[in-house]
Every structure is written in C-alpha cells, then in structure tokens.
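Below you'll find the structure, written out as structure tokens, and then a few comments.
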Amino acid sequence: MPSFDVVCKPDLIELRNAVDQVNKEIGTRFDFKGSDSKVELNENTIMVYADDDFKLEQIAEIIRNKCAKRNVDVRFLTFDKKEKVSGDRIKQTVTVKNGLDKDLAKQVVKEIKDSKMKVQASIQGDTVRIQGAKRDDLQGAIALLKQKVTETPLGFENFRD
C-alpha cells in the first residue's frame with residue numbers, strides 16, 4: 001500500500017553552516033568589535049551570548065538572515081526569553097523544532113480525516129504516516145497539508161509506492 005511520512009525536521013547540516021556564518025559575521029562586523037558575543041549550536045538548541053540587549057537583537061536578526069539564505073525555514077526556530085548572565089551580559093536560548101509534537105500531529109490527522117480523502121493517517125511517535133490506495137490520493141494529501149498547516153514547516157519523507 002503506498003504511504004509517506006509527515007515530519008518536522010530541519011536540515012541540521014545547513015543549520016550548522018548558518019551558525020558558523022553567524023559567528024564569522026560577528027567577528028568581522030564593526031559594531032561587534034571588542035565584543036564577547038558568540039553563538040553555539042547544541043543538539044536541539046542554539047545558545048546566543050551577547051554583551052547587551054541591542055547586540056542580542058542584532059545577532060537574532062543575523063541568525064534569521066543566514067538561515068533564510070541557507071534554506072533553513074525560520075519557523076523551526078523559537079526564541080525563548082532573555083536571561084542575565086553576569087553584569088550586563090545576556091544569553092538567549094533558541095529552540096530548534098525537531099519532530100511533530102502531539103498537538104500538531106493530532107491537527108494533521110484531523111485535517112486528513114475532515115477532508116474525506118481516501119487515505120488513512122496514523123500517529124507514529126514524532127511522525128504521522130499517511131497511507132492510501134492510489135498515488136494521486138497521497139499527492140492530494142500532501143497538497144492539502146501544505147495549504148492547511150502553515151504555522152510549522154512540514155516535510156514529507158519515505159514516499160513508497
């Protein structure tokens with residue numbers, strides 16, 4: 001039976017390249033001269049360190065620009081609240097979405113069921129598997145999800161005939 005998986009995964013290699021470009025730009029920009037600002041990529045988080053609030057906002061804008069240039073959807077990034085570290089230094093955690101959360105998976109299944117298409121959707125961990133009898137039905141389901149779910153970037157993997 002033909003099927004595919006609906007996932008929410010950023011391209012981690014491109015994300016790492018974007019973070020490296022951000023650090024390189026911080027090192028060369030005049031307004032960051034003498035600053036101890038930096039960006040670190042961990043497993044599913046990006047840690048941003050800056051000297052003050054203005055520089056933190058500038059770094060956030062650089063991150064958005066570099067991710068967009070490297071075709072990493074900015075909707076994967078969630079900027080959390082700012083925290084004081086010591087003195088005037090500030091850090092901010094940027095969470096990288098990886099996998100569908102339960103609410104979004106339920107929304108995907110609901111959209112498929114409400115459309116009355118001849119496909120079945122089932123939640124499997126942090127992915128949603130969609131199965132159907134015909135390839136055209138599956139392609140219609142992909143088009144429907146691209147149209148209905150806009151708050152999170154969705155990816156479609158393992159398309160099997």
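By order in the structure tokens, chains are A, B, ...; within a chain, residues start at 1; ligands start at 1, following the order shown.
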(request) Pull the strand (DSSP E or B) assignments for chain A out of DSSP run on the backbone, and list those residues as a VMD selection string. (result) chain A and resid 3 to 7 38 to 41 45 to 50 77 to 84 90 to 96 119 to 124 127 to 132 155 to 160
(request) Determine, counting only C-alpha atoms, which protein, DNA and RNA residues have an atom within 8 Å of an atom of range 95-97 of chain A; residues of the same chain fewer than 3 positions away are not included. Present the result as a list in words. (result) Cys8, Lys9, Pro10, Asn44, Thr45, Ile46, Phe76, Leu77, Thr78, Phe79 and Asp80 of chain A
With N, CA, C and O atoms retained, could you export that selection as a PDB file, in the first residue's frame?
ATOM      1  N   CYS A   8       8.742  16.882  10.794  1.00  0.00           N
ATOM      2  CA  CYS A   8       9.142  18.268  11.025  1.00  0.00           C
ATOM      3  C   CYS A   8      10.615  18.241  11.443  1.00  0.00           C
ATOM      4  O   CYS A   8      10.925  18.191  12.625  1.00  0.00           O
ATOM      5  N   LYS A   9      11.509  18.210  10.437  1.00  0.00           N
ATOM      6  CA  LYS A   9      12.936  18.112  10.711  1.00  0.00           C
ATOM      7  C   LYS A   9      13.693  19.160   9.907  1.00  0.00           C
ATOM      8  O   LYS A   9      13.559  19.215   8.696  1.00  0.00           O
ATOM      9  N   PRO A  10      14.504  19.975  10.583  1.00  0.00           N
ATOM     10  CA  PRO A  10      15.343  20.910   9.828  1.00  0.00           C
ATOM     11  C   PRO A  10      16.563  20.191   9.267  1.00  0.00           C
ATOM     12  O   PRO A  10      16.939  19.113   9.736  1.00  0.00           O
ATOM     13  N   ASN A  44      19.586  20.363  20.078  1.00  0.00           N
ATOM     14  CA  ASN A  44      18.376  20.982  19.536  1.00  0.00           C
ATOM     15  C   ASN A  44      18.215  22.419  20.006  1.00  0.00           C
ATOM     16  O   ASN A  44      17.106  22.947  20.025  1.00  0.00           O
ATOM     17  N   THR A  45      19.307  23.047  20.402  1.00  0.00           N
ATOM     18  CA  THR A  45      19.243  24.425  20.859  1.00  0.00           C
ATOM     19  C   THR A  45      20.410  25.224  20.296  1.00  0.00           C
ATOM     20  O   THR A  45      21.475  24.680  20.007  1.00  0.00           O
ATOM     21  N   ILE A  46      20.172  26.509  20.159  1.00  0.00           N
ATOM     22  CA  ILE A  46      21.225  27.449  19.797  1.00  0.00           C
ATOM     23  C   ILE A  46      21.338  28.421  20.965  1.00  0.00           C
ATOM     24  O   ILE A  46      20.356  29.025  21.367  1.00  0.00           O
ATOM     25  N   PHE A  76      11.372  26.944  12.158  1.00  0.00           N
ATOM     26  CA  PHE A  76      11.949  25.923  13.025  1.00  0.00           C
ATOM     27  C   PHE A  76      12.496  26.523  14.316  1.00  0.00           C
ATOM     28  O   PHE A  76      12.665  25.827  15.304  1.00  0.00           O
ATOM     29  N   LEU A  77      12.784  27.814  14.325  1.00  0.00           N
ATOM     30  CA  LEU A  77      13.442  28.461  15.453  1.00  0.00           C
ATOM     31  C   LEU A  77      12.428  29.127  16.367  1.00  0.00           C
ATOM     32  O   LEU A  77      11.544  29.850  15.914  1.00  0.00           O
ATOM     33  N   THR A  78      12.558  28.891  17.667  1.00  0.00           N
ATOM     34  CA  THR A  78      11.730  29.533  18.671  1.00  0.00           C
ATOM     35  C   THR A  78      12.656  30.274  19.634  1.00  0.00           C
ATOM     36  O   THR A  78      13.442  29.639  20.346  1.00  0.00           O
ATOM     37  N   PHE A  79      12.571  31.589  19.640  1.00  0.00           N
ATOM     38  CA  PHE A  79      13.423  32.401  20.505  1.00  0.00           C
ATOM     39  C   PHE A  79      12.792  32.472  21.889  1.00  0.00           C
ATOM     40  O   PHE A  79      11.703  33.013  22.051  1.00  0.00           O
ATOM     41  N   ASP A  80      13.480  31.924  22.883  1.00  0.00           N
ATOM     42  CA  ASP A  80      12.983  31.912  24.252  1.00  0.00           C
ATOM     43  C   ASP A  80      13.320  33.240  24.933  1.00  0.00           C
ATOM     44  O   ASP A  80      13.892  34.139  24.332  1.00  0.00           O
TER      45      ASP A  80
END
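Residues within 7 Å of range 51-59 of chain A, counting only C-alpha atoms and excluding same-chain residues fewer than 4 positions away, are Ser35, Asp36, Ser37, Ile63, Asp88, Arg89 and Ile90 of chain A.
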(request) For CA of Leu12 in chain A and CA of Gly155 in chain A, quote the distance in Å rounded to one decimal. (result)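 Distance between the two atoms: 13.7 Å.
Restricting the calculation to only C-alpha atoms, the smallest distance between Asn65 in chain A and any of A:Val108, A:Val19, A:Ile130, A:Val7 is found for A:Val19.
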(request) Find the residues near Gln124 in chain A: any atom within 12 Å, counting only C-alpha atoms, skip ones fewer than 5 places away on the same chain, and give them as an MDAnalysis selection string. (result) chainID A and resid 4:7 99:102 105:106 109 129:130
I need the chosen residues saved as a PDB file, in the first residue's frame, with C-alpha atoms.
ATOM      1  CA  PHE A   4       4.570   8.533   3.183  1.00  0.00           C
ATOM      2  CA  ASP A   5       5.586  10.126   6.467  1.00  0.00           C
ATOM      3  CA  VAL A   6       4.885  13.686   7.575  1.00  0.00           C
ATOM      4  CA  VAL A   7       7.825  15.016   9.614  1.00  0.00           C
ATOM      5  CA  GLY A  99       9.700  16.236  15.237  1.00  0.00           C
ATOM      6  CA  LEU A 100       5.959  16.777  15.378  1.00  0.00           C
ATOM      7  CA  ASP A 101       4.566  17.465  18.829  1.00  0.00           C
ATOM      8  CA  LYS A 102       1.336  15.734  19.839  1.00  0.00           C
ATOM      9  CA  ALA A 105       0.234  15.511  14.899  1.00  0.00           C
ATOM     10  CA  LYS A 106      -3.407  15.484  16.019  1.00  0.00           C
ATOM     11  CA  VAL A 109      -4.686  13.659  11.401  1.00  0.00           C
ATOM     12  CA  ARG A 129       2.185   8.009   8.490  1.00  0.00           C
ATOM     13  CA  ILE A 130      -0.356   8.509   5.725  1.00  0.00           C
TER      14      ILE A 130
END
(request) May I have the residues within 12 Å of Gln107 in chain A as a PyMOL selection string, using only C-alpha atoms and disregarding those fewer than 2 positions away in the same chain? (result) chain A and resi 6+100-105+109-114+121-123+128+145+148-152
(message) Could you tell me how far CA of Ala18 in chain A sits from CA of Ala68 in chain A, in Å to one decimal place?
(response) 8.9 Å
(request) Choose the residue, out of A:Val85, A:Lys69, A:Ala60, A:Ala143, that has the smallest atom-to-atom separation from Ser115 in chain A; count only C-alpha atoms. (result)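 Of A:Val85, A:Lys69, A:Ala60, A:Ala143, the one nearest Ser115 in chain A, counting only C-alpha atoms, is A:Ala143.
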